[in-house]
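Novice: To be precise about what I am sending: the file is called input.txt and holds compact mmCIF, C-alpha atoms.
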# COMPACT_ATOMS: atom_id res chain seq x y z
CA MET A 1 -3.68 18.00 -13.50
CA LYS A 2 -1.12 16.22 -15.64
CA LYS A 3 0.11 12.73 -14.88
CA TYR A 4 3.90 12.49 -14.53
CA PHE A 5 6.02 9.50 -15.49
CA PHE A 6 9.78 8.91 -15.66
CA ALA A 7 10.93 9.39 -19.24
CA LEU A 8 13.98 7.14 -18.96
CA ALA A 9 12.17 4.14 -17.53
CA TYR A 10 10.63 2.38 -20.52
CA SER A 11 8.18 0.45 -18.37
CA PHE A 12 6.63 3.69 -17.10
CA LEU A 13 5.67 4.65 -20.64
CA GLN A 14 3.56 1.56 -21.22
CA PRO A 15 -0.16 1.29 -20.31
CA LEU A 16 -1.14 -0.52 -17.17
CA VAL A 17 -3.65 -3.16 -18.22
CA ALA A 18 -6.21 -3.73 -15.47
CA LYS A 19 -7.88 -7.08 -15.08
CA ARG A 20 -9.18 -9.21 -12.25
CA ILE A 21 -6.35 -10.63 -10.17
CA HIS A 22 -6.52 -14.35 -9.45
CA TYR A 23 -5.05 -15.03 -6.03
CA PRO A 24 -2.94 -18.11 -5.34
CA PRO A 25 -5.35 -20.57 -3.66
CA LEU A 26 -3.15 -21.09 -0.60
CA LEU A 27 -3.09 -17.36 0.09
CA GLU A 28 -6.76 -16.67 -0.56
CA ASN A 29 -8.14 -17.79 2.77
CA ILE A 30 -5.34 -16.90 5.15
CA ALA A 31 -6.70 -15.53 8.44
CA PRO A 32 -3.72 -14.85 10.69
CA SER A 33 -4.28 -14.26 14.36
CA ILE A 34 -3.50 -10.83 15.73
CA THR A 35 -0.92 -11.19 18.46
CA PHE A 36 -0.37 -8.52 21.10
CA ARG A 37 1.99 -8.43 24.05
CA ASP A 38 -0.70 -9.73 26.38
CA GLY A 39 -1.72 -12.65 24.25
CA GLU A 40 -3.55 -13.67 21.11
CA VAL A 41 -6.90 -12.07 20.32
CA ASP A 42 -9.31 -12.06 17.41
CA ALA A 43 -8.33 -12.53 13.77
CA LEU A 44 -8.57 -10.65 10.49
CA SER A 45 -9.13 -12.26 7.10
CA THR A 46 -6.40 -11.33 4.62
CA LYS A 47 -8.74 -11.77 1.67
CA ASP A 48 -11.45 -9.58 3.23
CA LEU A 49 -8.94 -6.83 4.03
CA ILE A 50 -7.49 -6.82 0.52
CA GLN A 51 -10.96 -6.75 -1.06
CA LEU A 52 -11.80 -3.47 0.66
CA LEU A 53 -8.84 -1.67 -0.94
CA GLY A 54 -10.41 -1.74 -4.40
CA GLU A 55 -9.37 -4.44 -6.81
CA SER A 56 -9.42 -2.20 -9.90
CA CYS A 57 -6.40 -0.20 -8.73
CA VAL A 58 -3.85 -2.99 -9.15
CA PRO A 59 -3.30 -4.16 -12.74
CA GLY A 60 -3.21 -7.88 -13.31
CA SER A 61 -0.40 -7.53 -15.83
CA ILE A 62 1.84 -4.95 -17.44
CA ASP A 63 2.86 -5.13 -21.09
CA ILE A 64 6.51 -4.14 -21.41
CA GLY A 65 7.41 -6.63 -24.10
CA PHE A 66 8.90 -10.08 -24.46
CA GLY A 67 10.73 -11.43 -21.41
CA CYS A 68 8.50 -9.93 -18.75
CA ASN A 69 8.10 -12.25 -15.80
CA ASP A 70 4.79 -11.31 -14.16
CA VAL A 71 4.12 -12.97 -10.80
CA GLU A 72 1.24 -11.86 -8.58
CA TYR A 73 1.15 -12.27 -4.82
CA ILE A 74 -0.61 -11.27 -1.66
CA ASP A 75 2.30 -10.42 0.58
CA THR A 76 2.98 -9.24 4.13
CA MET A 77 5.74 -7.08 5.59
CA VAL A 78 6.67 -6.25 9.17
CA ILE A 79 7.26 -2.51 9.67
CA THR A 80 8.82 -0.55 12.52
CA LEU A 81 8.39 3.22 12.85
CA PRO A 82 10.56 5.71 14.79
CA ALA A 83 7.44 7.35 16.21
CA TYR A 84 6.43 4.10 17.93
CA SER A 85 9.53 2.69 19.58
CA GLY A 86 9.29 -1.00 20.38
CA CYS A 87 6.21 -1.53 18.19
CA THR A 88 5.78 -3.59 15.05
CA PHE A 89 3.08 -3.30 12.38
CA THR A 90 2.33 -6.20 10.05
CA ILE A 91 0.85 -5.00 6.79
CA VAL A 92 -0.73 -6.89 3.89
CA TYR A 93 -0.85 -5.83 0.23
CA LYS A 94 -1.02 -7.07 -3.35
CA LYS A 95 2.10 -6.97 -5.51
CA TYR A 96 3.69 -8.27 -8.65
CA GLU A 97 7.23 -8.19 -9.97
CA CYS A 98 8.22 -7.75 -13.59
CA SER A 99 11.65 -7.51 -15.21
CA ALA A 100 12.78 -6.91 -18.77
CA GLY A 101 15.65 -5.17 -20.54
CA GLY A 102 17.60 -4.31 -17.40
CA LEU A 103 14.57 -2.75 -15.73
CA PHE A 104 12.67 -4.12 -12.75
CA ASP A 105 9.15 -3.07 -11.77
CA TYR A 106 7.89 -3.75 -8.25
CA THR A 107 4.21 -2.85 -8.38
CA MET A 108 2.11 -2.96 -5.24
CA GLY A 109 -1.38 -2.01 -4.23
CA ASP A 110 -2.28 -0.07 -1.12
CA PHE A 111 -1.76 -1.70 2.27
CA GLN A 112 -3.95 -2.63 5.20
CA VAL A 113 -2.71 -3.01 8.77
CA LEU A 114 -3.10 -6.69 9.50
CA SER A 115 -1.84 -6.59 13.07
CA HIS A 116 0.20 -4.54 15.52
CA ASN A 117 1.36 -4.65 19.12
CA CYS A 118 1.27 -0.94 19.83
CA SER A 119 -0.89 0.53 22.60
CA ALA A 120 0.54 3.99 21.85
CA PHE A 121 -0.78 3.79 18.28
CA SER A 122 -4.22 2.64 19.46
CA THR A 123 -4.41 5.51 21.94
CA ALA A 124 -3.31 8.08 19.35
CA LEU A 125 -5.69 6.69 16.73
CA ASN A 126 -8.72 6.85 19.01
CA GLY A 127 -7.69 10.26 20.35
CA SER A 128 -7.39 11.77 16.88
CA TYR A 129 -10.83 10.46 15.93
CA VAL A 130 -12.48 11.89 19.04
CA THR A 131 -10.83 15.26 18.40
CA GLY A 132 -12.52 15.59 15.02
CA ALA A 133 -12.37 14.76 11.32
CA ALA A 134 -9.50 17.14 10.50
CA SER A 135 -7.34 15.76 13.31
CA PHE A 136 -8.12 12.16 12.39
CA ASN A 137 -7.38 12.71 8.68
CA ALA A 138 -4.07 14.40 9.46
CA PHE A 139 -3.08 11.59 11.84
CA VAL A 140 -3.91 8.86 9.32
CA GLU A 141 -2.21 10.64 6.41
CA ASN A 142 1.01 11.10 8.43
CA PHE A 143 0.92 7.49 9.62
CA GLU A 144 0.34 6.11 6.12
CA LEU A 145 3.12 8.25 4.63
CA ALA A 146 5.49 6.87 7.29
CA ILE A 147 4.41 3.33 6.37
CA TYR A 148 4.87 3.95 2.63
CA ASN A 149 8.35 5.35 3.20
CA GLN A 150 9.34 2.39 5.34
CA ILE A 151 7.97 -0.08 2.79
CA GLN A 152 10.02 1.66 0.11
CA SER A 153 13.17 1.59 2.25
CA ASN A 154 12.72 -2.14 2.94
CA ILE A 155 12.19 -2.92 -0.75
CA ILE A 156 15.25 -0.93 -1.82
CA ALA A 157 17.41 -2.58 0.84
CA SER A 158 16.31 -6.03 -0.37
CA TYR A 159 16.43 -5.50 -4.14
CA VAL A 160 19.05 -2.82 -4.85
CA PRO A 161 22.32 -3.80 -3.13
CA VAL A 162 25.63 -2.10 -3.96
CA GLY A 163 26.82 -3.10 -7.42
CA THR A 164 23.37 -3.33 -9.00
CA TYR A 165 21.24 -1.01 -11.16
CA ALA A 166 23.95 1.38 -12.34
CA CYS A 167 22.48 4.77 -13.28
CA LEU A 168 25.09 5.36 -16.00
CA GLN A 169 24.08 2.11 -17.69
CA GLY A 170 20.40 3.10 -17.75
CA LEU A 171 19.43 0.31 -15.36
CA PHE A 172 16.62 1.21 -12.99
CA PHE A 173 14.60 -0.41 -10.23
CA ASN A 174 11.08 1.01 -10.31
CA ILE A 175 8.66 0.96 -7.38
CA ILE A 176 5.05 1.74 -8.21
CA PHE A 177 2.45 2.18 -5.46
CA ILE A 178 -1.11 2.15 -6.76
CA LYS A 179 -4.03 3.12 -4.54
CA ALA A 180 -7.61 4.28 -4.76
CA SER A 181 -7.88 8.06 -4.92
CA CYS A 182 -10.66 8.12 -2.35
CA TYR A 183 -11.23 6.13 0.84
CA LYS A 184 -13.41 5.91 3.88
CA ARG A 185 -11.98 4.39 7.04
CA CYS A 186 -13.40 2.19 9.77
CA ILE A 187 -11.90 1.91 13.23
CA ILE A 188 -12.05 -1.54 14.80
CA GLU A 189 -11.29 -2.47 18.38
CA PHE A 190 -10.19 -5.84 19.70
CA SER A 191 -11.16 -7.61 22.86
CA ASN A 192 -8.10 -6.35 24.76
CA GLY A 193 -8.80 -2.70 23.91
CA TYR A 194 -6.29 -2.30 21.07
CA ALA A 195 -7.52 -0.52 17.96
CA SER A 196 -6.68 -0.39 14.27
CA TYR A 197 -8.44 0.74 11.13
CA MET A 198 -9.47 -0.54 7.71
CA LYS A 199 -9.53 1.34 4.41
CA ILE A 200 -12.52 1.01 2.09
CA ALA A 201 -12.13 2.29 -1.47
CA CYS A 202 -14.76 4.81 -2.62
CA GLY A 203 -15.30 4.88 -6.37
CA SER A 204 -12.87 3.43 -8.91
CA ASP A 205 -10.34 6.22 -9.57
CA CYS A 206 -6.71 5.38 -8.85
CA CYS A 207 -3.53 7.35 -8.23
CA GLU A 208 0.09 6.28 -8.24
CA ARG A 209 3.44 7.02 -6.64
CA HIS A 210 6.43 6.21 -8.89
CA THR A 211 9.95 5.86 -7.51
CA ARG A 212 12.98 5.28 -9.73
CA VAL A 213 16.07 3.87 -8.01
CA CYS A 214 19.62 3.31 -9.24
CA ARG A 215 23.19 3.63 -7.94
CA ASN A 216 25.63 6.28 -9.10
CA SER A 217 29.30 5.81 -9.97
CA LEU A 218 30.22 5.92 -6.26
CA GLY A 219 27.68 3.23 -5.39
CA ALA A 220 25.36 5.67 -3.61
CA LEU A 221 21.60 5.42 -4.10
CA TYR A 222 19.85 7.84 -6.43
CA ILE A 223 16.12 7.98 -5.67
CA GLU A 224 13.51 10.04 -7.50
CA THR A 225 9.82 9.98 -6.63
CA LEU A 226 6.92 11.52 -8.53
CA ASN A 227 3.20 11.32 -7.90
CA ALA A 228 0.55 10.73 -10.54
CA PRO A 229 -2.72 11.77 -8.91
CA ALA A 230 -6.15 10.95 -10.29
CA TYR A 231 -7.74 14.24 -11.29
CA PRO A 232 -10.38 15.45 -10.88
CA PRO A 233 -10.93 13.35 -7.75
CA SER A 234 -14.01 11.19 -7.54
CA CYS A 235 -15.37 10.03 -4.20
CA ASP A 236 -18.36 7.87 -5.09
CA ASN A 237 -19.90 5.72 -2.40
CA PRO A 238 -18.06 2.42 -1.98
CA PRO A 239 -19.55 -0.72 -3.52
CA SER A 240 -21.29 -3.31 -1.39
CA PHE A 241 -19.12 -6.14 -0.10
CA PRO A 242 -21.47 -9.05 0.57
CA GLY A 243 -19.96 -11.62 2.88
CA ASN A 244 -17.18 -9.36 4.15
CA MET A 245 -17.23 -10.12 7.87
CA LEU A 246 -14.80 -7.34 8.79
CA LEU A 247 -17.29 -4.60 8.02
CA SER A 248 -19.52 -5.74 10.89
CA ARG A 249 -16.65 -4.97 13.27
CA CYS A 250 -16.47 -1.29 12.38
CA ILE A 251 -17.33 0.79 15.45
CA ARG A 252 -16.48 4.22 14.00
CA GLU A 253 -16.63 5.25 10.37
CA THR A 254 -15.51 8.30 8.37
CA ALA A 255 -17.01 9.78 5.22
CA CYS A 256 -15.32 9.16 1.87
CA SER A 257 -12.50 11.62 1.24
CA TYR A 258 -9.86 12.24 -1.44
CA SER A 259 -6.49 10.97 -0.24
CA CYS A 260 -3.94 11.16 -3.10
CA PRO A 261 -0.97 13.51 -3.17
CA ASP A 262 -1.46 16.46 -5.50
CA GLU A 263 1.81 17.40 -7.16
Please go through the file and, once you have read it, give me the structure as structure tokens.

Specialist:
Amino acid sequence: MKKYFFALAYSFLQPLVAKRIHYPPLLENIAPSITFRDGEVDALSTKDLIQLLGESCVPGSIDIGFGCNDVEYIDTMVITLPAYSGCTFTIVYKKYECSAGGLFDYTMGDFQVLSHNCSAFSTALNGSYVTGAASFNAFVENFELAIYNQIQSNIIASYVPVGTYACLQGLFFNIIFIKASCYKRCIIEFSNGYASYMKIACGSDCCERHTRVCRNSLGALYIETLNAPAYPPSCDNPPSFPGNMLLSRCIRETACSYSCPDE
């Protein structure tokens, strides 16, 4: 399977240079509480969640020439989804921003659900797991696609206002999602009965979703998305994570399975 990139976006033609990411010290040990409608329960460690996603899939830097401003973060975003009216999902992910020559790259690693206040999601999540592996995988894939699309919409709304990134001038805003090509998932339950899940990278292969954004002569958004799947897929057993306290909270666990789009 060939790997597709956008020919007009110079940054997409350059190699992604992977190296160990050094987290800002103040972000490294954040352990926010999970808040639900009926009060505050439990806590997840941001660092432990991020570790499970597979560090090798987010490059520490990208070489697109002089003038690139490379800043790495662990960031959070609050997401709402039409399928879960009245609910909010707080997600955590790694990202960096890089700009040069009229181009802007927003590169982010895969997300974990840090918290939510949604009993309907917990019920659906548990129900899909009990029904069987095929039902659970379909539920999770649909949920994650909805999250990715909402993340992308939020980023575009924040970074590409009217009057910026004119297509005719060759100015593009590039969003690059990088994720492991294979995951296993653990369901965790909290003391008030709510449930969520964690992703654990299996193997070291990565796949990407590239979105190029600009505005046409009328100011309307032009958005093009292509996938660059890892092929052939590899689903090796995940590495050991000594000291990761979240893994002890896993009450249900899936096998490793390939999870990248194939286009």

Novice: So what do you get for CA of Ile91 in chain A versus CA of Ala134 in chain A, distance-wise?

Specialist: 24.7 Å

Novice: Any chance you could tabulate, as CSV, the residues of range 41-158 of chain A at most 10 Å from range 181-198 of chain A with each one's nearest atom pair and distance in Å to one decimal, using all atoms listed in the file, in chain and rising number order?

Specialist:
residue,atom,partner,partner_atom,distance
A:Val41,CA,A:Ser191,CA,6.7
A:Asp42,CA,A:Phe190,CA,6.7
A:Ala43,CA,A:Phe190,CA,9.1
A:Leu49,CA,A:Met198,CA,7.3
A:Ile50,CA,A:Met198,CA,9.7
A:Leu52,CA,A:Met198,CA,8.0
A:Leu53,CA,A:Tyr183,CA,8.3
A:Gly54,CA,A:Tyr183,CA,9.5
A:Cys57,CA,A:Ser181,CA,9.2
A:Phe111,CA,A:Met198,CA,9.5
A:Gln112,CA,A:Met198,CA,6.4
A:Val113,CA,A:Tyr197,CA,7.2
A:Leu114,CA,A:Ser196,CA,8.7
A:Ser115,CA,A:Ser196,CA,8.0
A:His116,CA,A:Ser196,CA,8.1
A:Asn117,CA,A:Tyr194,CA,8.2
A:Cys118,CA,A:Tyr194,CA,7.8
A:Ser119,CA,A:Tyr194,CA,6.3
A:Ala120,CA,A:Tyr194,CA,9.3
A:Phe121,CA,A:Ala195,CA,8.0
A:Ser122,CA,A:Ala195,CA,4.8
A:Thr123,CA,A:Ala195,CA,7.9
A:Ala124,CA,A:Ala195,CA,9.7
A:Leu125,CA,A:Ala195,CA,7.5
A:Asn126,CA,A:Ala195,CA,7.5
A:Tyr129,CA,A:Ile187,CA,9.0
A:Asn137,CA,A:Arg185,CA,9.6
A:Val140,CA,A:Tyr197,CA,9.5

Novice: Would you mind reading off the distance between CA of Ser234 in chain A and CA of Leu145 in chain A, one decimal, in Å?

Specialist: 21.2 Å

Novice: Under the rule that all atoms listed in the file are counted, which of A:Cys207, A:Leu246, A:Ile147, A:Val213 is the nearest residue to Tyr159 in chain A?

Specialist: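 Among the listed residues, the smallest separation from Tyr159 in chain A belongs to A:Val213.
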
Novice: Would you work out the distance separating CA of Gly102 in chain A from CA of Leu226 in chain A, expressed in Å to one decimal?

Specialist: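 Interatomic distance here is 21.1 Å.
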
Novice: Using all atoms listed in the file, which of the listed residues (A:Lys94, A:His210, A:Arg252, A:Lys179) sits closest to Thr46 in chain A?

Specialist: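 Once distances to Thr46 in chain A are computed over all atoms listed in the file, the minimum belongs to A:Lys94.
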
Novice: Taking all atoms listed in the file into account, name the residue in A:Leu171, A:Val78, A:Ile178, A:Ala146 that is nearest to Gly109 in chain A.

Specialist: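 Under the stated criterion, the closest residue is A:Ile178.
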
Novice: Place a sphere of radius 7 Å on (-14.0, 11.1, 6.4) in the file coordinates and name every protein, DNA or RNA residue with an atom inside or on its surface, counting only C-alpha atoms; give the answer as an NGL selection string.

Specialist: :A and (133 or 184 or 254-257)

Novice: Can you list, as a ChimeraX atom specification, every protein, DNA or RNA residue that comes within 12 Å of Ser158 in chain A when you count only C-alpha atoms, leaving out same-chain residues fewer than 6 positions away?

Specialist: /A:106,151-152,164,173

Novice: Take every atom of range 174-188 of chain A listed in the file, fit an axis-aligned box around them, add 8 Å per side, and give the centre and edge lengths in Å to one decimal as lines of an AutoDock Vina configuration file.

Specialist:
center_x = -1.2
center_y = 3.3
center_z = 2.2
size_x = 40.5
size_y = 25.7
size_z = 41.1

Novice: Point out the residue among A:Ser259, A:Ser56, A:Gln169, A:Ser45 with the least atom-to-atom distance to Gly101 in chain A, counting all atoms listed in the file.

Specialist: A:Gln169

Novice: Please determine, counting all atoms listed in the file, which residue among A:Phe143, A:Tyr222, A:Tyr165, A:Phe136 has the shortest atom-to-atom distance to Pro82 in chain A.

Specialist: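 Looking only at the distances to Pro82 in chain A, the closest residue turns out to be A:Phe143.
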
Novice: Counting only C-alpha atoms, which of A:Ile176, A:Thr225, A:Ser135, A:Asn142 gets nearest to Lys95 in chain A?

Specialist: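 Of all the options, A:Ile176 lies closest to Lys95 in chain A.
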